[in-house]
>>> print(open('protein.txt').read())   # compact mmCIF, C-alpha atoms
# COMPACT_ATOMS: atom_id res chain seq x y z
CA MET A 1 0.00 0.00 0.00
CA SER A 2 1.31 3.46 -0.86
CA GLU A 3 2.13 6.04 1.79
CA THR A 4 -0.87 7.81 3.24
CA MET A 5 -1.67 10.96 1.29
CA SER A 6 -2.90 14.32 2.50
CA ARG A 7 -6.57 15.19 2.03
CA LEU A 8 -5.66 17.53 -0.81
CA ARG A 9 -3.69 14.91 -2.73
CA LEU A 10 -6.39 12.31 -2.11
CA ALA A 11 -9.02 14.66 -3.53
CA GLU A 12 -6.85 15.17 -6.62
CA GLU A 13 -6.43 11.41 -7.04
CA ILE A 14 -10.18 10.86 -6.78
CA ALA A 15 -10.83 13.60 -9.36
CA GLY A 16 -8.41 11.90 -11.73
CA ALA A 17 -10.05 8.51 -11.15
CA LEU A 18 -13.52 9.91 -11.87
CA GLU A 19 -12.22 11.44 -15.09
CA ARG A 20 -10.67 8.13 -16.20
CA GLU A 21 -13.95 6.34 -15.50
CA GLY A 22 -15.85 8.86 -17.63
CA ILE A 23 -18.05 9.96 -14.71
CA ARG A 24 -19.41 13.43 -15.29
CA TYR A 25 -19.57 15.67 -12.24
CA ALA A 26 -18.86 19.24 -11.16
CA VAL A 27 -17.47 20.48 -7.85
CA VAL A 28 -19.75 23.19 -6.46
CA HIS A 29 -18.09 23.63 -3.09
CA GLY A 30 -14.74 22.83 -1.48
CA THR A 31 -12.04 24.04 -3.87
CA HIS A 32 -11.89 27.59 -2.51
CA GLY A 33 -8.23 28.00 -1.54
CA TYR A 34 -6.96 25.41 -4.01
CA PRO A 35 -4.14 24.55 -4.79
CA GLN A 36 -2.90 25.34 -1.27
CA THR A 37 -5.80 23.60 0.43
CA ILE A 38 -9.34 22.30 0.02
CA GLY A 39 -12.42 22.79 2.16
CA ARG A 40 -13.56 20.62 5.04
CA ASP A 41 -15.65 18.66 2.54
CA LEU A 42 -16.32 18.52 -1.19
CA ASP A 43 -19.77 18.94 -2.76
CA LEU A 44 -20.18 17.33 -6.17
CA ALA A 45 -23.16 17.80 -8.49
CA ILE A 46 -23.65 14.46 -10.20
CA ALA A 47 -26.37 12.40 -11.87
CA LEU A 48 -28.19 9.98 -9.57
CA GLU A 49 -27.34 7.04 -11.80
CA ASP A 50 -23.61 7.86 -11.58
CA ALA A 51 -23.46 8.55 -7.84
CA ARG A 52 -23.06 4.94 -6.73
CA LYS A 53 -20.29 4.24 -9.22
CA ALA A 54 -18.56 7.45 -8.14
CA ILE A 55 -18.68 6.34 -4.49
CA CYS A 56 -17.13 2.99 -5.43
CA VAL A 57 -14.39 4.71 -7.42
CA ALA A 58 -13.67 7.12 -4.57
CA ALA A 59 -13.57 4.32 -1.96
CA ASP A 60 -11.24 2.21 -4.11
CA LYS A 61 -8.86 5.09 -4.75
CA ALA A 62 -8.91 6.12 -1.09
CA ALA A 63 -7.99 2.59 0.01
CA GLN A 64 -4.96 2.74 -2.29
CA CYS A 65 -3.93 6.08 -0.77
CA GLY A 66 -3.96 5.11 2.91
CA TYR A 67 -7.60 5.98 3.65
CA THR A 68 -8.60 2.45 4.48
CA LYS A 69 -11.93 3.05 6.19
CA ALA A 70 -15.08 4.70 4.91
CA PHE A 71 -18.73 5.13 5.75
CA SER A 72 -21.62 6.26 3.60
CA ARG A 73 -25.38 6.76 3.64
CA TRP A 74 -28.24 8.14 1.60
CA SER A 75 -29.44 11.37 3.22
CA HIS A 76 -33.06 12.27 2.62
CA TRP A 77 -31.98 15.81 1.88
CA GLY A 78 -31.44 14.20 -1.54
CA LEU A 79 -27.77 13.26 -1.61
CA HIS A 80 -25.29 10.48 -0.97
CA GLN A 81 -22.78 11.22 1.79
CA LEU A 82 -19.36 9.60 1.93
CA SER A 83 -16.55 10.03 4.45
CA LEU A 84 -13.14 8.56 3.67
CA ILE A 85 -11.10 7.93 6.83
CA ARG A 86 -7.34 7.83 7.07
CA GLU A 87 -5.78 4.64 8.40
CA ASP A 88 -4.90 6.24 11.76
CA GLU A 89 -8.52 7.51 12.00
CA ARG A 90 -7.38 11.08 12.76
CA GLU A 91 -8.28 12.67 9.43
CA GLY A 92 -11.03 12.28 6.85
CA LEU A 93 -12.23 13.55 3.49
CA PRO A 94 -16.04 13.92 3.41
CA ILE A 95 -17.72 14.12 -0.01
CA ASP A 96 -21.38 14.97 -0.66
CA PHE A 97 -22.80 13.74 -3.96
CA LEU A 98 -25.65 16.14 -4.80
CA CYS A 99 -27.75 14.06 -7.15
CA THR A 100 -31.30 15.41 -6.79
CA THR A 101 -32.90 18.79 -7.35
CA GLY A 102 -34.47 18.76 -3.89
CA VAL A 103 -31.15 19.27 -2.12
CA TRP A 104 -30.99 22.77 -3.64
CA ARG A 105 -34.31 23.89 -2.15
CA ALA A 106 -34.25 27.21 -0.28
CA LYS A 107 -37.24 27.05 2.09
CA TRP A 108 -40.26 27.73 -0.18
CA ILE A 109 -38.16 28.11 -3.30
CA GLU A 110 -37.12 25.26 -5.57
CA LEU A 111 -33.92 26.59 -7.11
CA MET A 112 -33.04 23.80 -9.48
CA ARG A 113 -34.81 22.16 -12.39
CA PRO A 114 -33.49 18.86 -13.83
CA ASP A 115 -32.29 20.56 -17.02
CA HIS A 116 -30.62 23.29 -14.98
CA MET A 117 -28.77 20.75 -12.84
CA LEU A 118 -27.67 18.81 -15.90
CA ARG A 119 -25.99 21.99 -17.08
CA LEU A 120 -24.11 22.22 -13.80
CA ILE A 121 -22.95 18.62 -14.09
CA GLU A 122 -21.42 19.34 -17.48
CA SER A 123 -19.15 21.88 -15.65
CA ASP A 124 -17.88 25.15 -17.07
CA LYS A 125 -14.33 25.29 -15.72
CA THR A 126 -11.39 23.17 -14.63
CA ILE A 127 -8.87 23.80 -11.89
CA GLY A 128 -6.09 21.27 -11.56
CA PRO A 129 -7.71 17.84 -11.99
CA PHE A 130 -11.12 19.08 -10.78
CA ARG A 131 -14.12 19.86 -12.96
CA LEU A 132 -15.95 22.88 -11.56
CA SER A 133 -19.20 24.68 -12.10
CA GLU A 134 -18.85 28.38 -11.29
CA GLU A 135 -22.59 28.67 -11.77
CA GLY A 136 -23.23 25.91 -9.25
CA THR A 137 -20.75 27.38 -6.77
CA PHE A 138 -22.44 30.77 -7.03
CA ILE A 139 -25.90 29.30 -6.49
CA LYS A 140 -24.78 27.18 -3.53
CA ALA A 141 -22.53 29.75 -1.85
CA CYS A 142 -24.54 32.93 -2.55
CA ILE A 143 -28.09 32.46 -3.84
CA ARG A 144 -29.21 29.65 -1.57
CA PRO A 145 -27.72 31.21 1.62
CA LEU A 146 -29.28 34.55 0.68
CA LEU A 147 -32.72 32.93 0.34
CA CYS A 148 -32.29 30.94 3.59
CA GLY A 149 -30.97 33.78 5.74
CA ASP A 150 -27.59 32.06 6.13
CA LEU A 151 -25.63 35.32 5.91
CA ILE A 152 -22.60 33.94 7.76
CA ARG A 153 -21.44 32.49 4.44
CA PHE A 154 -20.93 35.89 2.84
CA GLY A 155 -17.59 37.66 2.69
CA HIS A 156 -15.46 34.51 2.36
CA GLU A 157 -15.72 32.53 -0.84
CA PHE A 158 -17.37 35.49 -2.56
CA PRO A 159 -16.07 38.80 -1.12
CA MET A 160 -18.44 41.75 -1.03
CA PRO A 161 -19.60 43.16 -3.35
CA VAL A 162 -20.31 39.83 -5.04
CA SER A 163 -19.34 39.52 -8.69
CA ILE A 164 -22.03 37.60 -10.58
CA PRO A 165 -20.46 34.97 -12.86
CA GLU A 166 -21.14 35.40 -16.56
CA GLN A 167 -22.59 31.85 -16.69
CA ILE A 168 -25.57 32.96 -14.59
CA ASP A 169 -28.78 33.50 -16.54
CA ARG A 170 -29.74 37.07 -15.59
CA GLU A 171 -33.44 36.43 -16.26
CA TRP A 172 -33.37 33.43 -13.90
CA LEU A 173 -31.49 35.47 -11.30
CA ILE A 174 -33.99 38.33 -11.34
CA ASP A 175 -36.90 35.90 -11.20
CA THR A 176 -35.34 34.09 -8.24
CA ILE A 177 -34.07 36.86 -5.95
CA GLY A 178 -35.54 39.95 -7.61
CA PRO A 179 -33.91 43.36 -8.03
CA ALA A 180 -33.71 43.70 -4.24
CA GLY A 181 -31.65 40.50 -4.01
CA VAL A 182 -29.30 41.62 -6.76
CA SER A 183 -28.90 44.92 -4.91
CA LEU A 184 -28.01 43.05 -1.73
CA LEU A 185 -25.24 41.18 -3.54
CA ALA A 186 -23.85 44.57 -4.57
CA SER A 187 -23.47 45.63 -0.92
CA SER A 188 -20.03 46.98 -0.13
CA SER A 189 -19.71 44.93 3.06
CA VAL A 190 -21.34 42.11 5.00
CA GLU A 191 -22.48 44.66 7.60
CA GLU A 192 -24.30 46.65 4.91
CA LEU A 193 -25.90 43.48 3.55
CA LYS A 194 -27.16 42.50 7.01
CA ALA A 195 -28.55 45.98 7.63
CA ARG A 196 -30.57 45.92 4.39
CA TYR A 197 -31.55 42.25 4.49
CA SER A 198 -35.14 40.97 4.72
CA LEU A 199 -35.78 37.24 4.38
CA ARG A 200 -39.54 37.77 4.34
CA ARG A 201 -39.24 40.19 1.43
CA LEU A 202 -37.07 37.86 -0.65
CA GLN A 203 -39.17 34.76 -0.01
CA GLY A 204 -42.48 36.63 -0.25
CA ARG A 205 -41.72 38.08 -3.66
CA TRP A 206 -41.01 34.65 -5.13
CA ILE A 207 -44.07 33.10 -3.46
CA ALA A 208 -46.30 35.83 -4.85
CA ARG A 209 -44.97 35.22 -8.36
CA HIS A 210 -45.02 31.40 -8.11
CA PRO A 211 -47.84 30.40 -5.70
CA ILE A 212 -48.26 26.88 -7.11
CA GLY A 213 -44.52 26.28 -7.15
CA ALA A 214 -44.28 27.50 -3.55
CA LEU A 215 -47.00 25.09 -2.40
CA LYS A 216 -45.31 22.21 -4.20
CA SER A 217 -42.00 23.13 -2.62
CA LEU A 218 -43.61 23.34 0.83
CA ALA A 219 -45.21 19.91 0.40
CA GLN A 220 -41.91 18.41 -0.73
CA SER A 221 -40.13 20.05 2.19
CA ILE A 222 -42.60 18.58 4.70
CA PHE A 223 -42.33 15.14 3.11
CA CYS A 224 -38.54 15.41 3.15
CA ARG A 225 -38.55 16.30 6.83
CA ILE A 226 -40.76 13.32 7.67
CA GLN A 227 -38.39 11.04 5.78
CA ARG A 228 -35.39 12.53 7.54
CA ALA A 229 -37.03 12.11 10.93
CA ALA A 230 -37.74 8.46 10.12
CA PHE A 231 -34.43 7.53 8.50
CA ASP A 232 -31.76 10.18 9.18
CA ALA A 233 -32.32 11.09 12.82
CA ALA A 234 -29.36 11.04 15.18
CA ASP A 235 -28.21 7.62 16.34
CA VAL A 236 -28.42 7.07 20.09
CA ILE A 237 -25.57 5.33 21.88
CA VAL A 238 -26.15 4.55 25.57
CA VAL A 239 -22.95 4.34 27.60
CA GLU A 240 -23.17 2.60 30.97
CA THR A 241 -20.42 3.85 33.28
CA PRO A 242 -19.81 4.58 36.96
CA ARG A 243 -18.82 8.17 36.00
CA PRO A 244 -21.26 9.84 33.57
CA ASP A 245 -19.50 13.19 33.98
CA ALA A 246 -16.29 11.66 32.63
CA VAL A 247 -18.23 10.65 29.52
CA ARG A 248 -19.36 14.26 29.07
CA GLN A 249 -15.74 15.43 29.23
CA ALA A 250 -14.72 12.73 26.76
CA VAL A 251 -17.44 13.75 24.29
CA GLU A 252 -16.34 17.40 24.46
CA ALA A 253 -12.71 16.37 23.91
CA LEU A 254 -13.64 14.24 20.88
CA LYS A 255 -15.74 16.88 19.10
CA PRO A 256 -12.90 18.66 17.23
CA GLU A 257 -11.37 15.37 16.11
CA PHE A 258 -14.69 13.83 15.07
CA LYS A 259 -15.61 16.94 13.10
CA LYS A 260 -12.73 16.10 10.75
CA LEU A 261 -14.33 12.68 10.20
CA PHE A 262 -17.79 14.19 9.51
CA LEU A 263 -19.18 13.02 12.85
CA GLU A 264 -20.99 15.20 15.40
CA PRO A 265 -21.25 13.73 18.91
CA SER A 266 -23.53 15.28 21.54
CA TYR A 267 -23.75 14.43 25.23
CA PHE A 268 -26.91 13.72 27.25
CA GLU A 269 -27.35 12.38 30.75
CA ALA A 270 -29.84 9.55 31.08
CA PRO A 271 -32.84 10.36 33.30
CA LYS A 272 -33.68 8.10 36.21
CA ASN A 273 -37.33 7.75 35.19
CA SER A 274 -38.06 5.03 32.60
CA ILE A 275 -40.82 7.08 30.94
CA ALA A 276 -38.45 10.04 30.56
CA MET A 277 -35.90 7.62 29.12
CA ARG A 278 -38.38 6.49 26.46
CA LEU A 279 -39.26 10.08 25.63
CA GLY A 280 -35.58 10.79 25.25
CA PHE A 281 -35.23 7.93 22.77
CA ALA A 282 -38.29 9.01 20.84
CA LEU A 283 -37.80 12.78 20.80
CA GLY A 284 -35.08 14.44 22.81
CA TRP A 285 -31.96 12.72 21.50
CA ARG A 286 -32.81 12.31 17.83
CA LYS A 287 -32.14 15.79 16.53
CA LEU A 288 -31.90 15.88 12.75
CA PRO A 289 -28.43 16.41 11.29
CA ILE A 290 -27.61 19.28 8.96
CA SER A 291 -24.68 17.57 7.28
CA GLU A 292 -22.56 15.47 9.66
CA PHE A 293 -23.50 12.06 10.99
CA ARG A 294 -24.99 12.97 14.37
CA LEU A 295 -24.32 10.71 17.39
CA SER A 296 -26.19 11.25 20.67
CA VAL A 297 -24.16 9.80 23.53
CA VAL A 298 -26.39 9.14 26.55
CA ALA A 299 -24.48 8.41 29.75
CA LYS A 300 -26.27 6.09 32.16
CA GLU A 301 -24.84 5.51 35.60
CA ALA A 302 -24.02 1.84 36.07
CA ASN A 303 -24.67 0.41 39.52
CA ALA A 304 -23.24 -2.80 40.90
CA GLY A 305 -25.60 -5.72 40.43
CA GLN A 306 -27.79 -3.81 37.99
CA ARG A 307 -29.13 -5.71 34.98
CA LYS A 308 -27.22 -4.73 31.88
CA MET A 309 -29.17 -3.05 29.08
CA ARG A 310 -29.23 -4.49 25.60
CA PRO A 311 -30.14 -3.01 22.21
CA GLY A 312 -33.80 -3.10 21.28
CA LYS A 313 -35.27 -5.14 18.45
CA GLY A 314 -35.72 -2.60 15.71
CA ARG A 315 -37.87 -0.14 17.66
CA LYS A 316 -35.57 2.70 16.69
CA PHE A 317 -37.43 5.52 18.35
CA LEU A 318 -37.87 3.63 21.61
CA ASP A 319 -34.42 2.05 21.85
CA ALA A 320 -30.80 2.96 21.39
CA GLU A 321 -28.92 1.82 18.31
CA CYS A 322 -26.03 0.76 20.53
CA TYR A 323 -25.29 0.04 24.18
CA CYS A 324 -21.77 -0.14 25.55
CA ALA A 325 -20.14 -0.29 28.98
CA ILE A 326 -17.07 1.73 29.94
CA PRO A 327 -15.48 0.98 33.33
CA ASP A 328 -14.14 3.65 35.67
CA SER A 329 -10.80 4.92 34.36
CA ASP A 330 -8.74 8.07 33.95
CA ALA A 331 -9.77 10.78 31.48
CA GLU A 332 -7.47 9.68 28.66
CA ALA A 333 -8.49 6.03 28.89
CA MET A 334 -12.17 7.01 29.05
CA ARG A 335 -11.81 9.15 25.94
CA GLU A 336 -10.04 6.40 23.97
CA GLN A 337 -12.58 3.75 24.98
CA LEU A 338 -15.47 6.01 24.01
CA ARG A 339 -13.74 6.95 20.76
CA ARG A 340 -13.27 3.29 19.88
CA SER A 341 -16.86 2.40 20.75
CA LEU A 342 -18.32 5.24 18.66
CA LEU A 343 -16.13 4.55 15.63
CA ASP A 344 -16.86 0.82 15.78
CA PHE A 345 -20.57 1.62 15.85
CA VAL A 346 -20.33 3.96 12.85
CA TYR A 347 -18.31 1.44 10.83
CA GLY A 348 -20.75 -1.31 11.72
CA ARG A 349 -23.81 0.75 10.77
CA TYR A 350 -22.57 2.82 7.83
CA GLY A 351 -19.19 1.37 6.93
CA ILE A 352 -18.26 0.36 3.41
CA ARG A 353 -15.29 -1.32 1.77
CA SER A 354 -13.78 -0.78 -1.64
CA GLY A 355 -15.72 -2.54 -4.37
CA LEU A 356 -18.99 -2.04 -2.51
CA SER A 357 -22.38 -2.35 -4.12
CA LEU A 358 -24.79 0.17 -2.66
CA LYS A 359 -28.43 -0.69 -2.21
CA PRO A 360 -30.77 1.20 -4.54
CA GLU A 361 -32.56 3.85 -2.49
CA LEU A 362 -35.30 6.29 -3.41
CA GLU A 363 -34.95 5.85 -7.16
CA HIS A 364 -38.33 7.51 -7.55
CA THR A 365 -37.15 10.83 -6.14
CA ALA A 366 -36.36 13.86 -8.26
CA GLY A 367 -32.99 12.46 -9.24
CA VAL A 368 -31.15 13.97 -12.16
CA ARG A 369 -30.47 11.43 -14.87
CA LEU A 370 -28.45 11.74 -18.01
>>> encode(input="protein.txt", output="structure tokens")
Amino acid sequence: MSETMSRLRLAEEIAGALEREGIRYAVVHGTHGYPQTIGRDLDLAIALEDARKAICVAADKAAQCGYTKAFSRWSHWGLHQLSLIREDEREGLPIDFLCTTGVWRAKWIELMRPDHMLRLIESDKTIGPFRLSEEGTFIKACIRPLLCGDLIRFGHEFPMPVSIPEQIDREWLIDTIGPAGVSLLASSSVEELKARYSLRRLQGRWIARHPIGALKSLAQSIFCRIQRAAFDAADVIVVETPRPDAVRQAVEALKPEFKKLFLEPSYFEAPKNSIAMRLGFALGWRKLPISEFRLSVVAKEANAGQRKMRPGKGRKFLDAECYCAIPDSDAEAMREQLRRSLLDFVYGRYGIRSGLSLKPELEHTAGVRL
């Protein structure tokens, strides 16, 4: 096996492998700062029918480059998520394969039509070995955040005032964000943009012009949220230990490291009451993830002679996905034992190996096909 590569070099190798396999895609986020660095993750616009092959290619190439572990899932946002983990499990390269139009939705507004997304996939630029879509990057980094009120994204990838790429259809842009939105992009600073910003005005204008489209988008958004609650909710891991507070400290210590692997652990203390415990399983600990794989670590104090808990039989919302026991130990040992338990759970639930064959999922969704 070759020497382990950096995330940047691995991303370049994967881009080359996709090109050799004839897989059409376009990076729409993650290459800002290239060639010195790449983002925390890569977002690729790709056809639904090519996404599975692309994941296989990426996993195979990663295994050759020292990233020997990987986990993946279908997110009901409308994308495949893949995280490639370095052999020492201290670094990862997450990749999101955006293969449906629904993942581009901005609250009431459906930003992307199938023909529009196909144009993004064809790409309009190359940088190094990567195929890019400046149009897609602009829509993802500027238009969608503007329509969602996510103003923290401005001033970085696109400094103020924002230069509108020539690939952008001006008629589409005016129809989507209106003259007021275009004026906001021309703000001289982020502070000026925030002072003039009105989410209600931007969303309301589009809704008034496209009432049927807004209702369809709302219905799809509700359906998507129900699916995510049923299939993508945070996994609950109950840890039985004599020192629950030590588990809390271990979770906090692991957060920065796990963020690199595309994992988001959260700590909860188990209630004493069994009814409250069931409510926690059903509601309190299953917060929906935004992007990372969310893990809810519930610390339950273990008492001598107490009957050990075991995983439930498929009743996801009334049982934990995993139970583990961690004996009393010093902080470092506690952290390492918890780290090992959480990673083993993730590999067991979502792990893949090179040459995998993914199960077909949600083929009836608004996937973009070539």
>>> closest_atom_pairs(input="protein.txt", of="segment 83-120 of chain A", to="segment 274-298 of chain A", cutoff="12 Å", atoms="only C-alpha atoms", output="tab-separated table")
residue	atom	partner	partner_atom	distance
A:Ser83	CA	A:Glu292	CA	9.6
A:Pro94	CA	A:Glu292	CA	9.2
A:Ile95	CA	A:Ser291	CA	10.7
A:Asp96	CA	A:Ser291	CA	9.0
A:Val103	CA	A:Ser291	CA	11.5
>>> closest_residue(input="protein.txt", among="A:Glu12, A:Asp235, A:Ala325, A:Ser217", to="Pro35 of chain A", atoms="only C-alpha atoms")
A:Glu12
>>> closest_residue(input="protein.txt", among="A:Lys255, A:Arg209, A:Ala58, A:Leu184", to="Val162 of chain A", atoms="all atoms listed in the file")
A:Leu184
>>> closest_residue(input="protein.txt", among="A:Glu21, A:Asp232, A:Glu252, A:Asp150", to="Arg335 of chain A", atoms="only C-alpha atoms")
A:Glu252
>>> residues_around(input="protein.txt", residues="Thr126 of chain A", least_positions_apart="5", cutoff="10 Å", atoms="all atoms listed in the file", output="mmCIF file with C-alpha atoms, in the coordinates of the input")
data_model
loop_
_atom_site.group_PDB
_atom_site.id
_atom_site.type_symbol
_atom_site.label_atom_id
_atom_site.label_comp_id
_atom_site.auth_asym_id
_atom_site.auth_seq_id
_atom_site.Cartn_x
_atom_site.Cartn_y
_atom_site.Cartn_z
ATOM 1 C CA ALA A 26 -18.860 19.240 -11.160
ATOM 2 C CA VAL A 27 -17.470 20.480 -7.850
ATOM 3 C CA ARG A 131 -14.120 19.860 -12.960
ATOM 4 C CA LEU A 132 -15.950 22.880 -11.560
ATOM 5 C CA SER A 133 -19.200 24.680 -12.100
ATOM 6 C CA GLU A 134 -18.850 28.380 -11.290
#
>>> atom_distance(input="protein.txt", atom1="atom CA of Gln220 of chain A", atom2="atom CA of Ile152 of chain A")
26.2 Å
>>> closest_residue(input="protein.txt", among="A:Ile121, A:Ala234, A:Val190, A:Ala331", to="Leu44 of chain A", atoms="only C-alpha atoms")
A:Ile121
>>> residues_around(input="protein.txt", residues="Leu338 of chain A", least_positions_apart="5", cutoff="10 Å", atoms="all atoms listed in the file", output="list in words")
Val239, Val247, Ala250, Val251, Leu254, Val297, Cys324, Ala325, Ile326, Glu332, Ala333, Leu343 and Asp344 of chain A
>>> closest_residue(input="protein.txt", among="A:Ile109, A:Leu120, A:Leu93, A:Leu199", to="Gly149 of chain A", atoms="only C-alpha atoms")
A:Leu199
>>> closest_residue(input="protein.txt", among="A:Leu173, A:Leu42, A:Cys322, A:Leu261", to="Gly348 of chain A", atoms="all atoms listed in the file")
A:Cys322
>>> residues_around(input="protein.txt", residues="Arg248 of chain A", least_positions_apart="6", cutoff="8 Å", atoms="all atoms listed in the file", output="NGL selection string")
:A and (267-268 or 299)
>>> atom_distance(input="protein.txt", atom1="atom CA of Ala51 of chain A", atom2="atom CA of Phe231 of chain A")
19.7 Å
>>> atom_distance(input="protein.txt", atom1="atom CA of Glu13 of chain A", atom2="atom CA of Ala62 of chain A")
8.3 Å
>>> residues_around(input="protein.txt", residues="segment 99-102 of chain A", least_positions_apart="6", cutoff="9 Å", atoms="all atoms listed in the file", output="PDB file with C-alpha atoms, in the coordinates of the input")
ATOM      1  CA  LEU A  44     -20.180  17.330  -6.170  1.00  0.00           C
ATOM      2  CA  ALA A  45     -23.160  17.800  -8.490  1.00  0.00           C
ATOM      3  CA  ILE A  46     -23.650  14.460 -10.200  1.00  0.00           C
ATOM      4  CA  ALA A  47     -26.370  12.400 -11.870  1.00  0.00           C
ATOM      5  CA  LEU A  48     -28.190   9.980  -9.570  1.00  0.00           C
ATOM      6  CA  GLU A  49     -27.340   7.040 -11.800  1.00  0.00           C
ATOM      7  CA  ASP A  50     -23.610   7.860 -11.580  1.00  0.00           C
ATOM      8  CA  ALA A  51     -23.460   8.550  -7.840  1.00  0.00           C
ATOM      9  CA  TRP A  77     -31.980  15.810   1.880  1.00  0.00           C
ATOM     10  CA  GLY A  78     -31.440  14.200  -1.540  1.00  0.00           C
ATOM     11  CA  LEU A  79     -27.770  13.260  -1.610  1.00  0.00           C
ATOM     12  CA  HIS A  80     -25.290  10.480  -0.970  1.00  0.00           C
ATOM     13  CA  GLU A 110     -37.120  25.260  -5.570  1.00  0.00           C
ATOM     14  CA  LEU A 111     -33.920  26.590  -7.110  1.00  0.00           C
ATOM     15  CA  MET A 112     -33.040  23.800  -9.480  1.00  0.00           C
ATOM     16  CA  ARG A 113     -34.810  22.160 -12.390  1.00  0.00           C
ATOM     17  CA  PRO A 114     -33.490  18.860 -13.830  1.00  0.00           C
ATOM     18  CA  MET A 117     -28.770  20.750 -12.840  1.00  0.00           C
ATOM     19  CA  SER A 217     -42.000  23.130  -2.620  1.00  0.00           C
ATOM     20  CA  GLN A 220     -41.910  18.410  -0.730  1.00  0.00           C
ATOM     21  CA  SER A 221     -40.130  20.050   2.190  1.00  0.00           C
ATOM     22  CA  CYS A 224     -38.540  15.410   3.150  1.00  0.00           C
ATOM     23  CA  THR A 365     -37.150  10.830  -6.140  1.00  0.00           C
ATOM     24  CA  ALA A 366     -36.360  13.860  -8.260  1.00  0.00           C
ATOM     25  CA  GLY A 367     -32.990  12.460  -9.240  1.00  0.00           C
ATOM     26  CA  VAL A 368     -31.150  13.970 -12.160  1.00  0.00           C
ATOM     27  CA  ARG A 369     -30.470  11.430 -14.870  1.00  0.00           C
TER      28      ARG A 369
END
>>> residues_around(input="protein.txt", residues="Arg90 of chain A", least_positions_apart="2", cutoff="10 Å", atoms="only C-alpha atoms", output="PyMOL selection string")
chain A and resi 85-88+92+257-258+260-261
>>> build_atoms(input="protein.txt", residues="segment 28-39 of chain A", atoms="N, CA and C atoms", output="PDB file, in the coordinates of the input")
ATOM      1  N   VAL A  28     -19.047  21.926  -6.706  1.00  0.00           N
ATOM      2  CA  VAL A  28     -19.750  23.190  -6.460  1.00  0.00           C
ATOM      3  C   VAL A  28     -19.388  23.785  -5.101  1.00  0.00           C
ATOM      4  N   HIS A  29     -18.560  23.087  -4.360  1.00  0.00           N
ATOM      5  CA  HIS A  29     -18.090  23.630  -3.090  1.00  0.00           C
ATOM      6  C   HIS A  29     -16.878  22.822  -2.633  1.00  0.00           C
ATOM      7  N   GLY A  30     -15.864  23.520  -2.105  1.00  0.00           N
ATOM      8  CA  GLY A  30     -14.740  22.830  -1.480  1.00  0.00           C
ATOM      9  C   GLY A  30     -13.384  23.142  -2.071  1.00  0.00           C
ATOM     10  N   THR A  31     -13.334  23.754  -3.247  1.00  0.00           N
ATOM     11  CA  THR A  31     -12.040  24.040  -3.870  1.00  0.00           C
ATOM     12  C   THR A  31     -11.587  25.479  -3.638  1.00  0.00           C
ATOM     13  N   HIS A  32     -12.344  26.248  -2.854  1.00  0.00           N
ATOM     14  CA  HIS A  32     -11.890  27.590  -2.510  1.00  0.00           C
ATOM     15  C   HIS A  32     -10.593  27.477  -1.713  1.00  0.00           C
ATOM     16  N   GLY A  33      -9.538  28.111  -2.179  1.00  0.00           N
ATOM     17  CA  GLY A  33      -8.230  28.000  -1.540  1.00  0.00           C
ATOM     18  C   GLY A  33      -7.293  27.054  -2.254  1.00  0.00           C
ATOM     19  N   TYR A  34      -7.808  26.299  -3.234  1.00  0.00           N
ATOM     20  CA  TYR A  34      -6.960  25.410  -4.010  1.00  0.00           C
ATOM     21  C   TYR A  34      -6.007  26.246  -4.873  1.00  0.00           C
ATOM     22  N   PRO A  35      -4.725  25.863  -5.072  1.00  0.00           N
ATOM     23  CA  PRO A  35      -4.140  24.550  -4.790  1.00  0.00           C
ATOM     24  C   PRO A  35      -3.465  24.418  -3.422  1.00  0.00           C
ATOM     25  N   GLN A  36      -3.527  25.460  -2.584  1.00  0.00           N
ATOM     26  CA  GLN A  36      -2.900  25.340  -1.270  1.00  0.00           C
ATOM     27  C   GLN A  36      -3.675  24.402  -0.355  1.00  0.00           C
ATOM     28  N   THR A  37      -4.983  24.414  -0.476  1.00  0.00           N
ATOM     29  CA  THR A  37      -5.800  23.600   0.430  1.00  0.00           C
ATOM     30  C   THR A  37      -7.152  23.338  -0.221  1.00  0.00           C
ATOM     31  N   ILE A  38      -7.950  22.498   0.412  1.00  0.00           N
ATOM     32  CA  ILE A  38      -9.340  22.300   0.020  1.00  0.00           C
ATOM     33  C   ILE A  38     -10.211  22.463   1.258  1.00  0.00           C
ATOM     34  N   GLY A  39     -11.499  22.586   1.056  1.00  0.00           N
ATOM     35  CA  GLY A  39     -12.420  22.790   2.160  1.00  0.00           C
ATOM     36  C   GLY A  39     -12.561  21.578   3.053  1.00  0.00           C
TER      37      GLY A  39
END
